[in-house]
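Below: structure06.cif (mmCIF, C-alpha atoms and all ligand atoms)
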```
data_model
#
loop_
_atom_site.group_PDB
_atom_site.id
_atom_site.type_symbol
_atom_site.label_atom_id
_atom_site.label_comp_id
_atom_site.auth_asym_id
_atom_site.auth_seq_id
_atom_site.Cartn_x
_atom_site.Cartn_y
_atom_site.Cartn_z
ATOM 1 C CA MET A 1 35.793 -63.317 8.371
ATOM 2 C CA SER A 2 33.699 -62.275 5.398
ATOM 3 C CA ASP A 3 30.333 -60.599 5.242
ATOM 4 C CA SER A 4 29.467 -61.085 1.643
ATOM 5 C CA ALA A 5 25.911 -60.641 0.428
ATOM 6 C CA GLU A 6 26.646 -62.766 -2.645
ATOM 7 C CA GLN A 7 27.549 -65.767 -0.508
ATOM 8 C CA ARG A 8 24.432 -65.647 1.634
ATOM 9 C CA PRO A 9 22.140 -68.618 1.107
ATOM 10 C CA ALA A 10 19.166 -67.870 -1.119
ATOM 11 C CA LYS A 11 16.821 -70.059 0.852
ATOM 12 C CA ARG A 12 16.717 -70.976 4.482
ATOM 13 C CA PRO A 13 15.410 -74.195 5.963
ATOM 14 C CA ARG A 14 12.228 -73.952 7.957
ATOM 15 C CA THR A 15 12.678 -74.022 11.730
ATOM 16 C CA ASN A 16 10.214 -75.347 14.264
ATOM 17 C CA ALA A 17 10.115 -72.117 16.222
ATOM 18 C CA SER A 18 8.506 -70.002 13.556
ATOM 19 C CA ASN A 19 5.886 -70.571 10.906
ATOM 20 C CA ALA A 20 7.314 -67.905 8.614
ATOM 21 C CA VAL A 21 10.262 -68.876 6.465
ATOM 22 C CA PRO A 22 13.124 -66.882 7.937
ATOM 23 C CA SER A 23 15.277 -64.832 5.612
ATOM 24 C CA PRO A 24 18.985 -64.111 6.020
ATOM 25 C CA GLY A 25 19.808 -60.693 7.410
ATOM 26 C CA ASP A 26 22.875 -58.520 7.535
ATOM 27 C CA PRO A 27 25.305 -59.403 9.064
ATOM 28 C CA TRP A 28 25.474 -62.957 7.765
ATOM 29 C CA LEU A 29 29.027 -64.137 8.411
ATOM 30 C CA ASP A 30 30.244 -67.252 6.606
ATOM 31 C CA ASP A 31 32.325 -68.283 9.589
ATOM 32 C CA GLY A 32 29.543 -67.422 12.048
ATOM 33 C CA ASN A 33 28.760 -70.178 14.536
ATOM 34 C CA ILE A 34 25.445 -68.985 15.945
ATOM 35 C CA ILE A 35 22.280 -67.567 14.431
ATOM 36 C CA LEU A 36 20.174 -64.912 16.138
ATOM 37 C CA GLN A 37 16.621 -64.651 14.889
ATOM 38 C CA ALA A 38 14.529 -61.500 15.402
ATOM 39 C CA GLU A 39 11.030 -61.565 13.890
ATOM 40 C CA SER A 40 11.604 -63.587 10.694
ATOM 41 C CA THR A 41 15.151 -62.383 10.027
ATOM 42 C CA GLN A 42 18.214 -64.442 10.901
ATOM 43 C CA PHE A 43 21.695 -63.065 11.556
ATOM 44 C CA ARG A 44 24.693 -65.423 11.439
ATOM 45 C CA VAL A 45 27.382 -64.150 13.758
ATOM 46 C CA VAL A 46 30.386 -65.248 15.809
ATOM 47 C CA ARG A 47 29.467 -66.285 19.316
ATOM 48 C CA SER A 48 32.745 -65.259 20.985
ATOM 49 C CA ILE A 49 32.596 -61.697 19.623
ATOM 50 C CA LEU A 50 29.023 -61.270 20.843
ATOM 51 C CA SER A 51 29.918 -62.710 24.240
ATOM 52 C CA ALA A 52 32.894 -60.353 24.563
ATOM 53 C CA SER A 53 30.655 -57.341 23.833
ATOM 54 C CA SER A 54 27.649 -58.350 25.903
ATOM 55 C CA SER A 55 27.559 -60.116 29.238
ATOM 56 C CA VAL A 56 23.884 -60.939 28.618
ATOM 57 C CA PHE A 57 24.690 -62.751 25.362
ATOM 58 C CA GLY A 58 27.652 -64.361 27.117
ATOM 59 C CA ASP A 59 25.361 -65.766 29.810
ATOM 60 C CA MET A 60 22.769 -66.798 27.229
ATOM 61 C CA PHE A 61 25.345 -68.784 25.218
ATOM 62 C CA SER A 62 26.902 -70.404 28.281
ATOM 63 C CA PHE A 63 23.894 -72.705 28.665
ATOM 64 C CA PRO A 64 24.436 -76.087 26.974
ATOM 65 C CA GLN A 65 22.505 -76.455 23.718
ATOM 66 C CA PRO A 66 19.783 -79.127 23.700
ATOM 67 C CA GLU A 67 20.920 -82.287 21.911
ATOM 68 C CA ASN A 68 17.930 -82.580 19.594
ATOM 69 C CA GLU A 69 18.056 -78.912 18.580
ATOM 70 C CA ASN A 70 17.449 -77.997 14.940
ATOM 71 C CA LEU A 71 20.641 -76.571 13.509
ATOM 72 C CA VAL A 72 20.662 -74.141 10.592
ATOM 73 C CA TYR A 73 23.817 -74.353 8.501
ATOM 74 C CA GLY A 74 25.350 -76.154 11.454
ATOM 75 C CA CYS A 75 24.542 -73.258 13.815
ATOM 76 C CA PRO A 76 22.141 -73.243 16.762
ATOM 77 C CA VAL A 77 19.360 -70.648 16.415
ATOM 78 C CA VAL A 78 18.608 -68.262 19.288
ATOM 79 C CA HIS A 79 15.293 -66.408 19.076
ATOM 80 C CA VAL A 80 15.164 -62.891 20.525
ATOM 81 C CA SER A 81 12.186 -60.596 21.027
ATOM 82 C CA ASP A 82 13.795 -57.479 19.471
ATOM 83 C CA THR A 83 12.856 -55.995 16.119
ATOM 84 C CA ALA A 84 14.932 -57.172 13.174
ATOM 85 C CA GLU A 85 15.846 -53.535 12.423
ATOM 86 C CA ASP A 86 17.193 -52.845 15.934
ATOM 87 C CA LEU A 87 19.188 -56.082 15.923
ATOM 88 C CA HIS A 88 20.576 -55.341 12.446
ATOM 89 C CA HIS A 89 21.936 -51.925 13.558
ATOM 90 C CA VAL A 90 23.469 -53.300 16.748
ATOM 91 C CA LEU A 91 25.102 -56.369 15.175
ATOM 92 C CA LYS A 92 26.477 -54.296 12.285
ATOM 93 C CA ALA A 93 28.027 -51.894 14.775
ATOM 94 C CA LEU A 94 29.608 -54.748 16.731
ATOM 95 C CA TYR A 95 31.271 -56.132 13.611
ATOM 96 C CA CYS A 96 32.191 -52.792 12.013
ATOM 97 C CA PHE A 97 33.922 -49.729 13.429
ATOM 98 C CA VAL A 98 31.574 -46.878 14.427
ATOM 99 C CA ASP A 99 33.238 -43.616 13.402
ATOM 100 C CA ASN A 100 32.262 -40.029 14.138
ATOM 101 C CA GLU A 101 30.013 -39.650 11.117
ATOM 102 C CA PRO A 102 26.435 -38.661 11.992
ATOM 103 C CA LEU A 103 24.309 -41.714 12.722
ATOM 104 C CA PRO A 104 20.612 -41.946 11.831
ATOM 105 C CA LEU A 105 18.240 -41.724 14.743
ATOM 106 C CA VAL A 106 17.045 -45.318 14.231
ATOM 107 C CA VAL A 107 20.619 -46.494 14.855
ATOM 108 C CA ILE A 108 20.947 -44.345 17.981
ATOM 109 C CA ALA A 109 17.631 -45.784 19.195
ATOM 110 C CA ALA A 110 18.776 -49.368 18.553
ATOM 111 C CA PHE A 111 22.075 -48.746 20.408
ATOM 112 C CA LEU A 112 20.162 -47.408 23.419
ATOM 113 C CA ARG A 113 17.469 -50.092 23.543
ATOM 114 C CA LEU A 114 19.627 -53.134 22.909
ATOM 115 C CA GLY A 115 22.672 -51.615 24.588
ATOM 116 C CA ARG A 116 20.642 -51.490 27.787
ATOM 117 C CA LYS A 117 18.933 -54.841 27.340
ATOM 118 C CA TYR A 118 22.080 -56.823 26.498
ATOM 119 C CA ASN A 119 24.521 -54.699 28.487
ATOM 120 C CA ILE A 120 26.552 -53.655 25.428
ATOM 121 C CA GLN A 121 28.242 -50.698 27.095
ATOM 122 C CA GLN A 122 30.219 -49.474 24.089
ATOM 123 C CA LEU A 123 27.099 -48.951 21.965
ATOM 124 C CA TYR A 124 24.982 -47.530 24.760
ATOM 125 C CA SER A 125 27.749 -45.017 25.556
ATOM 126 C CA GLU A 126 28.148 -44.119 21.893
ATOM 127 C CA ALA A 127 24.430 -43.295 21.596
ATOM 128 C CA LEU A 128 24.360 -41.406 24.887
ATOM 129 C CA LYS A 129 27.473 -39.387 23.962
ATOM 130 C CA ARG A 130 25.803 -38.224 20.762
ATOM 131 C CA LEU A 131 22.524 -37.309 22.449
ATOM 132 C CA GLU A 132 24.318 -35.439 25.238
ATOM 133 C CA PHE A 133 26.334 -33.520 22.664
ATOM 134 C CA GLU A 134 23.189 -32.387 20.832
ATOM 135 C CA PHE A 135 21.190 -31.750 24.026
ATOM 136 C CA PRO A 136 23.645 -30.538 26.697
ATOM 137 C CA SER A 137 22.909 -30.298 30.390
ATOM 138 C CA THR A 138 25.285 -27.443 31.267
ATOM 139 C CA PHE A 139 25.006 -23.797 30.276
ATOM 140 C CA GLU A 140 28.581 -23.732 28.923
ATOM 141 C CA GLU A 141 28.025 -26.785 26.721
ATOM 142 C CA TYR A 142 24.745 -25.361 25.512
ATOM 143 C CA ASP A 143 26.490 -22.136 24.555
ATOM 144 C CA ARG A 144 29.123 -24.050 22.612
ATOM 145 C CA SER A 145 26.584 -26.184 20.741
ATOM 146 C CA SER A 146 25.691 -25.235 17.186
ATOM 147 C CA GLY A 147 21.938 -25.410 17.673
ATOM 148 C CA SER A 148 21.538 -27.921 14.855
ATOM 149 C CA PHE A 149 22.033 -31.679 14.707
ATOM 150 C CA THR A 150 25.728 -32.551 14.295
ATOM 151 C CA LEU A 151 26.285 -36.166 15.363
ATOM 152 C CA ILE A 152 22.793 -37.380 14.508
ATOM 153 C CA ASP A 153 21.676 -37.631 10.892
ATOM 154 C CA VAL A 154 18.110 -36.332 10.687
ATOM 155 C CA GLN A 155 17.798 -36.140 6.902
ATOM 156 C CA ASP A 156 15.388 -39.068 6.579
ATOM 157 C CA VAL A 157 13.149 -38.087 9.470
ATOM 158 C CA GLY A 158 13.293 -34.277 9.347
ATOM 159 C CA HIS A 159 14.297 -31.832 12.074
ATOM 160 C CA ASP A 160 11.045 -31.472 14.022
ATOM 161 C CA ALA A 161 10.077 -35.145 13.906
ATOM 162 C CA SER A 162 13.623 -36.004 15.044
ATOM 163 C CA LEU A 163 13.247 -33.716 18.039
ATOM 164 C CA PHE A 164 10.022 -35.471 18.996
ATOM 165 C CA ALA A 165 11.668 -38.866 18.488
ATOM 166 C CA VAL A 166 14.548 -37.815 20.767
ATOM 167 C CA ILE A 167 12.069 -36.783 23.478
ATOM 168 C CA ASN A 168 10.351 -40.183 23.184
ATOM 169 C CA LEU A 169 13.715 -41.973 23.296
ATOM 170 C CA ALA A 170 14.745 -40.049 26.401
ATOM 171 C CA ARG A 171 11.515 -41.035 28.170
ATOM 172 C CA GLU A 172 11.766 -44.669 27.024
ATOM 173 C CA ASN A 173 15.374 -45.060 28.160
ATOM 174 C CA ASP A 174 15.196 -42.875 31.277
ATOM 175 C CA ILE A 175 17.797 -40.329 30.115
ATOM 176 C CA LEU A 176 15.884 -37.338 31.376
ATOM 177 C CA HIS A 177 18.876 -34.954 31.555
ATOM 178 C CA ILE A 178 18.713 -34.421 27.778
ATOM 179 C CA LEU A 179 15.034 -33.455 27.953
ATOM 180 C CA PRO A 180 15.290 -29.773 29.032
ATOM 181 C CA ALA A 181 17.445 -28.857 26.004
ATOM 182 C CA ALA A 182 15.317 -31.008 23.673
ATOM 183 C CA PHE A 183 12.064 -29.418 24.893
ATOM 184 C CA TYR A 184 13.596 -25.941 24.748
ATOM 185 C CA ILE A 185 14.831 -26.406 21.170
ATOM 186 C CA ALA A 186 11.346 -27.609 20.193
ATOM 187 C CA CYS A 187 9.912 -24.429 21.749
ATOM 188 C CA THR A 188 12.352 -22.181 19.872
ATOM 189 C CA CYS A 189 11.553 -23.855 16.541
ATOM 190 C CA LEU A 190 7.773 -24.011 16.887
ATOM 191 C CA ASN A 191 5.164 -21.786 18.483
ATOM 192 C CA GLY A 192 1.908 -23.360 19.742
ATOM 193 C CA LYS A 193 0.156 -23.371 16.355
ATOM 194 C CA GLU A 194 3.218 -24.610 14.479
ATOM 195 C CA PHE A 195 3.756 -27.321 17.093
ATOM 196 C CA ILE A 196 0.230 -28.661 16.666
ATOM 197 C CA GLU A 197 0.588 -28.531 12.873
ATOM 198 C CA ALA A 198 3.885 -30.420 13.140
ATOM 199 C CA MET A 199 2.154 -33.089 15.257
ATOM 200 C CA GLU A 200 -0.667 -33.375 12.724
ATOM 201 C CA SER A 201 1.685 -33.778 9.780
ATOM 202 C CA LEU A 202 3.942 -36.483 11.240
ATOM 203 C CA GLU A 203 4.405 -39.393 8.864
ATOM 204 C CA ALA A 204 5.508 -41.937 11.463
ATOM 205 C CA PRO A 205 3.230 -42.412 14.476
ATOM 206 C CA THR A 206 6.269 -43.483 16.520
ATOM 207 C CA HIS A 207 7.545 -39.888 16.433
ATOM 208 C CA GLU A 208 4.350 -38.471 17.886
ATOM 209 C CA LEU A 209 4.700 -37.118 21.397
ATOM 210 C CA SER A 210 2.463 -38.474 24.126
ATOM 211 C CA VAL A 211 -0.452 -36.235 25.112
ATOM 212 C CA PHE A 212 1.447 -35.605 28.350
ATOM 213 C CA ASP A 213 4.527 -34.331 26.512
ATOM 214 C CA GLN A 214 2.453 -32.276 24.070
ATOM 215 C CA ARG A 215 1.083 -30.420 27.094
ATOM 216 C CA VAL A 216 4.630 -30.120 28.473
ATOM 217 C CA VAL A 217 5.812 -28.380 25.289
ATOM 218 C CA ILE A 218 2.881 -25.959 25.074
ATOM 219 C CA LYS A 219 2.991 -25.048 28.762
ATOM 220 C CA GLY A 220 6.797 -24.746 28.655
ATOM 221 C CA TRP A 221 6.665 -22.397 25.664
ATOM 222 C CA HIS A 222 4.252 -20.043 27.451
ATOM 223 C CA SER A 223 6.170 -20.170 30.744
ATOM 224 C CA ILE A 224 9.487 -19.304 29.085
ATOM 225 C CA VAL A 225 8.026 -16.494 26.945
ATOM 226 C CA GLU A 226 6.542 -14.995 30.105
ATOM 227 C CA LYS A 227 9.748 -15.479 32.093
ATOM 228 C CA GLN A 228 12.128 -14.164 29.407
ATOM 229 C CA ALA A 229 10.346 -10.792 29.542
ATOM 230 C CA LYS A 230 11.358 -10.539 33.212
ATOM 231 C CA THR A 231 14.898 -11.957 32.837
ATOM 232 C CA THR A 232 16.744 -12.175 29.499
ATOM 233 C CA PHE A 233 14.862 -9.223 27.965
ATOM 234 C CA ARG A 234 14.262 -7.155 31.069
ATOM 235 C CA TRP A 235 16.615 -4.532 29.602
ATOM 236 C CA LEU A 236 14.018 -3.822 26.884
ATOM 237 C CA VAL A 237 11.396 -2.512 29.304
ATOM 238 C CA ARG A 238 13.302 -1.091 32.289
ATOM 239 C CA GLU A 239 14.142 2.458 31.172
ATOM 240 C CA ASP A 240 14.764 3.496 34.785
ATOM 241 C CA ILE A 241 17.922 1.347 34.781
ATOM 242 C CA PHE A 242 19.407 3.304 31.886
ATOM 243 C CA ALA A 243 18.397 6.855 32.824
ATOM 244 C CA PRO A 244 21.456 7.500 35.054
ATOM 245 C CA ILE A 245 24.025 6.126 32.573
ATOM 246 C CA CYS A 246 22.727 6.878 29.055
ATOM 247 C CA THR A 247 24.817 9.372 27.079
ATOM 248 C CA THR A 248 22.415 10.070 24.165
ATOM 249 C CA ASP A 249 18.720 10.710 23.563
ATOM 250 C CA ASP A 250 18.288 7.872 21.068
ATOM 251 C CA CYS A 251 18.633 4.765 23.189
ATOM 252 C CA THR A 252 15.052 4.680 24.494
ATOM 253 C CA ASN A 253 13.709 4.712 20.928
ATOM 254 C CA GLY A 254 16.339 2.133 19.898
ATOM 255 C CA ARG A 255 15.142 -0.257 22.609
ATOM 256 C CA LYS A 256 11.517 0.408 21.726
ATOM 257 C CA ASP A 257 12.223 -0.548 18.091
ATOM 258 C CA ILE A 258 13.820 -3.823 19.223
ATOM 259 C CA LEU A 259 10.860 -4.553 21.502
ATOM 260 C CA ILE A 260 8.314 -3.952 18.733
ATOM 261 C CA PHE A 261 10.284 -6.055 16.270
ATOM 262 C CA MET A 262 10.604 -8.950 18.673
ATOM 263 C CA TRP A 263 7.220 -8.993 20.388
ATOM 264 C CA PHE A 264 4.819 -8.032 17.581
ATOM 265 C CA PRO A 265 2.740 -9.565 16.157
ATOM 266 C CA LYS A 266 3.826 -12.460 18.396
ATOM 267 C CA PRO A 267 6.869 -13.221 20.502
ATOM 268 C CA ASP A 268 9.268 -16.096 20.008
ATOM 269 C CA CYS A 269 10.571 -18.367 22.733
ATOM 270 C CA MET A 270 14.193 -17.203 22.967
ATOM 271 C CA GLY A 271 15.113 -16.933 26.620
ATOM 272 C CA LEU A 272 18.541 -18.501 25.967
ATOM 273 C CA THR A 273 19.358 -16.596 22.768
ATOM 274 C CA PRO A 274 22.816 -14.983 23.022
ATOM 275 C CA TRP A 275 23.247 -11.236 22.456
ATOM 276 C CA LEU A 276 22.645 -10.320 18.799
ATOM 277 C CA SER A 277 24.837 -7.680 17.200
ATOM 278 C CA TRP A 278 21.938 -5.762 15.596
ATOM 279 C CA TRP A 279 20.737 -4.850 19.110
ATOM 280 C CA ASN A 280 23.808 -2.565 19.326
ATOM 281 C CA ALA A 281 22.362 -0.194 16.712
ATOM 282 C CA ASN A 282 21.042 3.155 17.995
ATOM 283 C CA CYS A 283 22.302 2.613 21.529
ATOM 284 C CA CYS A 284 25.213 4.279 23.314
ATOM 285 C CA ASN A 285 28.138 2.216 24.625
ATOM 286 C CA ALA A 286 27.072 2.617 28.256
ATOM 287 C CA CYS A 287 23.586 1.281 27.496
ATOM 288 C CA ILE A 288 24.984 -1.591 25.402
ATOM 289 C CA ARG A 289 27.354 -2.647 28.212
ATOM 290 C CA LYS A 290 24.553 -2.564 30.762
ATOM 291 C CA SER A 291 22.076 -4.336 28.469
ATOM 292 C CA LYS A 292 24.547 -7.116 27.655
ATOM 293 C CA GLY A 293 25.211 -7.734 31.351
ATOM 294 C CA LEU A 294 21.482 -7.925 32.130
ATOM 295 C CA HIS A 295 20.861 -10.098 29.100
ATOM 296 C CA ASP A 296 23.569 -12.578 30.053
ATOM 297 C CA SER A 297 22.454 -12.889 33.678
ATOM 298 C CA GLY A 298 18.869 -13.319 32.435
ATOM 299 C CA ARG A 299 19.925 -16.171 30.149
ATOM 300 C CA ARG A 300 21.663 -17.898 33.051
ATOM 301 C CA LYS A 301 18.522 -17.540 35.158
ATOM 302 C CA ILE A 302 16.446 -19.156 32.398
ATOM 303 C CA TRP A 303 19.008 -21.972 32.128
ATOM 304 C CA GLU A 304 18.929 -22.634 35.871
ATOM 305 C CA GLU A 305 15.159 -23.003 35.754
ATOM 306 C CA LEU A 306 14.972 -24.706 32.356
ATOM 307 C CA PRO A 307 13.967 -28.198 33.605
ATOM 308 C CA LEU A 308 11.243 -26.694 35.804
ATOM 309 C CA PHE A 309 9.496 -25.041 32.834
ATOM 310 C CA PHE A 310 8.949 -28.556 31.499
ATOM 311 C CA GLY A 311 7.801 -30.152 34.741
ATOM 312 C CA LEU A 312 11.129 -31.914 35.325
ATOM 313 C CA PRO A 313 13.235 -32.061 38.501
ATOM 314 C CA GLY A 314 16.034 -29.481 38.796
ATOM 315 C CA TRP A 315 19.424 -29.885 37.071
ATOM 316 C CA GLU A 316 21.112 -31.325 40.163
ATOM 317 C CA GLU A 317 18.722 -34.247 40.404
ATOM 318 C CA LEU A 318 18.477 -34.734 36.637
ATOM 319 C CA THR A 319 22.238 -35.014 36.193
ATOM 320 C CA LYS A 320 22.855 -37.277 39.206
ATOM 321 C CA LYS A 321 22.540 -40.401 37.076
ATOM 322 C CA LYS A 322 24.727 -39.154 34.209
HETATM 323 ZN ZN ZN A 401 22.221 5.030 26.068
#
```

Reformat the file's structure so that it appears as structure tokens.
Amino acid sequence: MSDSAEQRPAKRPRTNASNAVPSPGDPWLDDGNIILQAESTQFRVVRSILSASSSVFGDMFSFPQPENENLVYGCPVVHVSDTAEDLHHVLKALYCFVDNEPLPLVVIAAFLRLGRKYNIQQLYSEALKRLEFEFPSTFEEYDRSSGSFTLIDVQDVGHDASLFAVINLARENDILHILPAAFYIACTCLNGKEFIEAMESLEAPTHELSVFDQRVVIKGWHSIVEKQAKTTFRWLVREDIFAPICTTDDCTNGRKDILIFMWFPKPDCMGLTPWLSWWNANCCNACIRKSKGLHDSGRRKIWEELPLFFGLPGWEELTKKK
């Protein structure tokens, strides 16, 4: 089976189903025996391979072809309502091995959309696996994640726009269990002003969050910043906890310095941030041990409530459908 661009026909015959002259797309397989047309792009592929990957295509092809049908290069033409770009990514993946290299977000989106529509489980699972890796739904997985995109290539779209696109994809495909981590990461990267500026500077309107989700992000940011002061960073303001155990006179001032540095002129959303080594400076070992314990239990509390900050159901319900 070859997939050679050189051998693709330069000109395609006109079909009755479309007024535009269709152009050959990629893949265009010389030994293909069926043509799928999305918008004005045609893809020549092998029917049996598509049927083996997708029960929906299998059913579609099982109907007898009409006798007076226009054939293109001897192949029947099946028109689909998908975008040519989505179909290109999905068909390429079906005829080529998908490795562990980062995939662009447009490919992930195509795998999800068409994977669901045509019941192509292998591609849907591949996309979901990558999204779940980047946006975990357990505290342990979140702690192990790097905090930056690993299996999704965001170079073309940019980090912030990719986050917004992931949120839109999650809504569109009903994979809500990735939303708490995605919303939280957006809140850690952007405060309210930066978030609005990021929305205003988006190049692609498809990445823009709905008004509903814009409110979700802004409200979530404020709720977490308020909550982290009472949980993750409680150790910065509760001197009474340390009075009985502290072995020096410097720790109160040490904690005050950290508080000023982190809250002025404005706080960041960082309720899940792990313990940072510079917080050890100017504190005695007893205070550090106690602070670390409080910090860790505070982070877990934030994690437990994370979906609720963004108006989502709790983790148990969100992960039921995983
Ligand atoms: Zn101390």

Please identify every residue of chain A that has at least one atom no farther than 8 Å from an atom of ligand ZN 401 (chain A), counting all atoms listed in the file, and for each give the shortest atom pair and the distance in Å to one decimal, arranged by chain then increasing number, as a tab-separated table.
```
residue	atom	partner	partner_atom	distance
A:Phe242	CA	A:ZN401	ZN	6.7
A:Ala243	CA	A:ZN401	ZN	8.0
A:Ile245	CA	A:ZN401	ZN	6.8
A:Cys246	CA	A:ZN401	ZN	3.5
A:Thr247	CA	A:ZN401	ZN	5.2
A:Thr248	CA	A:ZN401	ZN	5.4
A:Asp249	CA	A:ZN401	ZN	7.1
A:Asp250	CA	A:ZN401	ZN	7.0
A:Cys251	CA	A:ZN401	ZN	4.6
A:Thr252	CA	A:ZN401	ZN	7.3
A:Cys283	CA	A:ZN401	ZN	5.1
A:Cys284	CA	A:ZN401	ZN	4.1
A:Asn285	CA	A:ZN401	ZN	6.7
A:Ala286	CA	A:ZN401	ZN	5.8
A:Cys287	CA	A:ZN401	ZN	4.2
A:Ile288	CA	A:ZN401	ZN	7.2
```

| task | For the structure provided, state which residues fall under the PyMOL selection byres (((chain A and resi 236) around 12) and not hetatm), and present them as a PyMOL selection string. | result | chain A and resi 228-235+237-242+251-263+279+283+287-288+290-292+294-295

| field | Option closest in space to Trp315 (chain A), from A:Thr83, A:Thr41, A:Ser125, A:Thr138 [counting only C-alpha atoms] | value | A:Thr138

| message | Taking the file as I've supplied it (selection: the PyMOL selection byres (((chain A and resi 268) around 12) and not hetatm)), which residues are included? Please answer as a ChimeraX atom specification. | response | /A:184-192,194,221-226,228-229,233,259,261-267,269-273

| message | For a quick check of understanding, using all atoms listed in the file, which of A:Ala52, A:Val216, A:Val72, A:Met60 has the smallest distance to Pro180 (chain A)? | response |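 Smallest distance to Pro180 (chain A) is found for A:Val216.
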
| said: Between CA of Leu312 (chain A) and CA of Leu179 (chain A), what distance in Å does the model show, to one decimal? | reply: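 Interatomic distance here is 8.5 Å.
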
| Quick one: of A:Ile167, A:Ile178, A:Asn173, A:Ser277, who's nearest to Leu209 (chain A), counting only C-alpha atoms? |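 Checking each of A:Ile167, A:Ile178, A:Asn173, A:Ser277 against Leu209 (chain A), counting only C-alpha atoms, the winner is A:Ile167.
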
| field | Straight-line distance linking CA of Leu176 (chain A) with CA of Val154 (chain A), stated in Å to one decimal | value | 20.8 Å

| request: Might you spell out which residues the PyMOL selection byres (((chain A and resi 137) around 12) and not hetatm) would select in the displayed file, as a PyMOL selection string? | output: chain A and resi 131-136+138-145+175-182+184+303-307+314-320+322

Can you write out the residues you just picked, keeping C-alpha atoms, as a PDB file, in the frame of the given file?
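Saved as out16.pdb:
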```pdb
ATOM      1  CA  LEU A 131      22.524 -37.309  22.449  1.00  0.00           C
ATOM      2  CA  GLU A 132      24.318 -35.439  25.238  1.00  0.00           C
ATOM      3  CA  PHE A 133      26.334 -33.520  22.664  1.00  0.00           C
ATOM      4  CA  GLU A 134      23.189 -32.387  20.832  1.00  0.00           C
ATOM      5  CA  PHE A 135      21.190 -31.750  24.026  1.00  0.00           C
ATOM      6  CA  PRO A 136      23.645 -30.538  26.697  1.00  0.00           C
ATOM      7  CA  THR A 138      25.285 -27.443  31.267  1.00  0.00           C
ATOM      8  CA  PHE A 139      25.006 -23.797  30.276  1.00  0.00           C
ATOM      9  CA  GLU A 140      28.581 -23.732  28.923  1.00  0.00           C
ATOM     10  CA  GLU A 141      28.025 -26.785  26.721  1.00  0.00           C
ATOM     11  CA  TYR A 142      24.745 -25.361  25.512  1.00  0.00           C
ATOM     12  CA  ASP A 143      26.490 -22.136  24.555  1.00  0.00           C
ATOM     13  CA  ARG A 144      29.123 -24.050  22.612  1.00  0.00           C
ATOM     14  CA  SER A 145      26.584 -26.184  20.741  1.00  0.00           C
ATOM     15  CA  ILE A 175      17.797 -40.329  30.115  1.00  0.00           C
ATOM     16  CA  LEU A 176      15.884 -37.338  31.376  1.00  0.00           C
ATOM     17  CA  HIS A 177      18.876 -34.954  31.555  1.00  0.00           C
ATOM     18  CA  ILE A 178      18.713 -34.421  27.778  1.00  0.00           C
ATOM     19  CA  LEU A 179      15.034 -33.455  27.953  1.00  0.00           C
ATOM     20  CA  PRO A 180      15.290 -29.773  29.032  1.00  0.00           C
ATOM     21  CA  ALA A 181      17.445 -28.857  26.004  1.00  0.00           C
ATOM     22  CA  ALA A 182      15.317 -31.008  23.673  1.00  0.00           C
ATOM     23  CA  TYR A 184      13.596 -25.941  24.748  1.00  0.00           C
ATOM     24  CA  TRP A 303      19.008 -21.972  32.128  1.00  0.00           C
ATOM     25  CA  GLU A 304      18.929 -22.634  35.871  1.00  0.00           C
ATOM     26  CA  GLU A 305      15.159 -23.003  35.754  1.00  0.00           C
ATOM     27  CA  LEU A 306      14.972 -24.706  32.356  1.00  0.00           C
ATOM     28  CA  PRO A 307      13.967 -28.198  33.605  1.00  0.00           C
ATOM     29  CA  GLY A 314      16.034 -29.481  38.796  1.00  0.00           C
ATOM     30  CA  TRP A 315      19.424 -29.885  37.071  1.00  0.00           C
ATOM     31  CA  GLU A 316      21.112 -31.325  40.163  1.00  0.00           C
ATOM     32  CA  GLU A 317      18.722 -34.247  40.404  1.00  0.00           C
ATOM     33  CA  LEU A 318      18.477 -34.734  36.637  1.00  0.00           C
ATOM     34  CA  THR A 319      22.238 -35.014  36.193  1.00  0.00           C
ATOM     35  CA  LYS A 320      22.855 -37.277  39.206  1.00  0.00           C
ATOM     36  CA  LYS A 322      24.727 -39.154  34.209  1.00  0.00           C
TER      37      LYS A 322
END
```

| field | Interatomic distance, CA of Cys96 (chain A) to CA of Asp156 (chain A) (Å, one decimal) | value |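 Computing it gives 22.4 Å between the two atoms.
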
| query | So which one's closest to Ala109 (chain A), A:Ser48, A:Thr206, A:Ser23, A:Gln155? Using all atoms listed in the file, please. | reply |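 Ranking A:Ser48, A:Thr206, A:Ser23, A:Gln155 by distance to Ala109 (chain A), first place goes to A:Thr206.
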
Box dimensions and centre (Å, one decimal) enclosing region 284-301 of chain A, axis-aligned, 4 Å extra per side, as lines of an AutoDock Vina configuration file:
```
center_x = 23.3
center_y = -6.8
center_z = 29.2
size_x = 17.6
size_y = 30.2
size_z = 19.8
```

Per residue of region 111-164 of chain A within 10 Å of region 92-95 of chain A, which atom pair is closest and at what distance in Å (one decimal), using only C-alpha atoms, listed by chain and increasing number, as CSV?
```
residue,atom,partner,partner_atom,distance
A:Phe111,CA,A:Ala93,CA,8.8
A:Ile120,CA,A:Leu94,CA,9.3
A:Gln122,CA,A:Leu94,CA,9.1
A:Leu123,CA,A:Ala93,CA,7.8
```

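Candidate residues A:Glu203, A:Asp59, A:Glu126, A:Glu197 were compared for distance to Ile108 (chain A), and the nearest is A:Glu126, using all atoms listed in the file.
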
| task | Kindly indicate which residue among A:Ala281, A:Ile152, A:Leu276, A:Ser40 lies nearest to Pro22 (chain A), using all atoms listed in the file for the distances. | result | A:Ser40
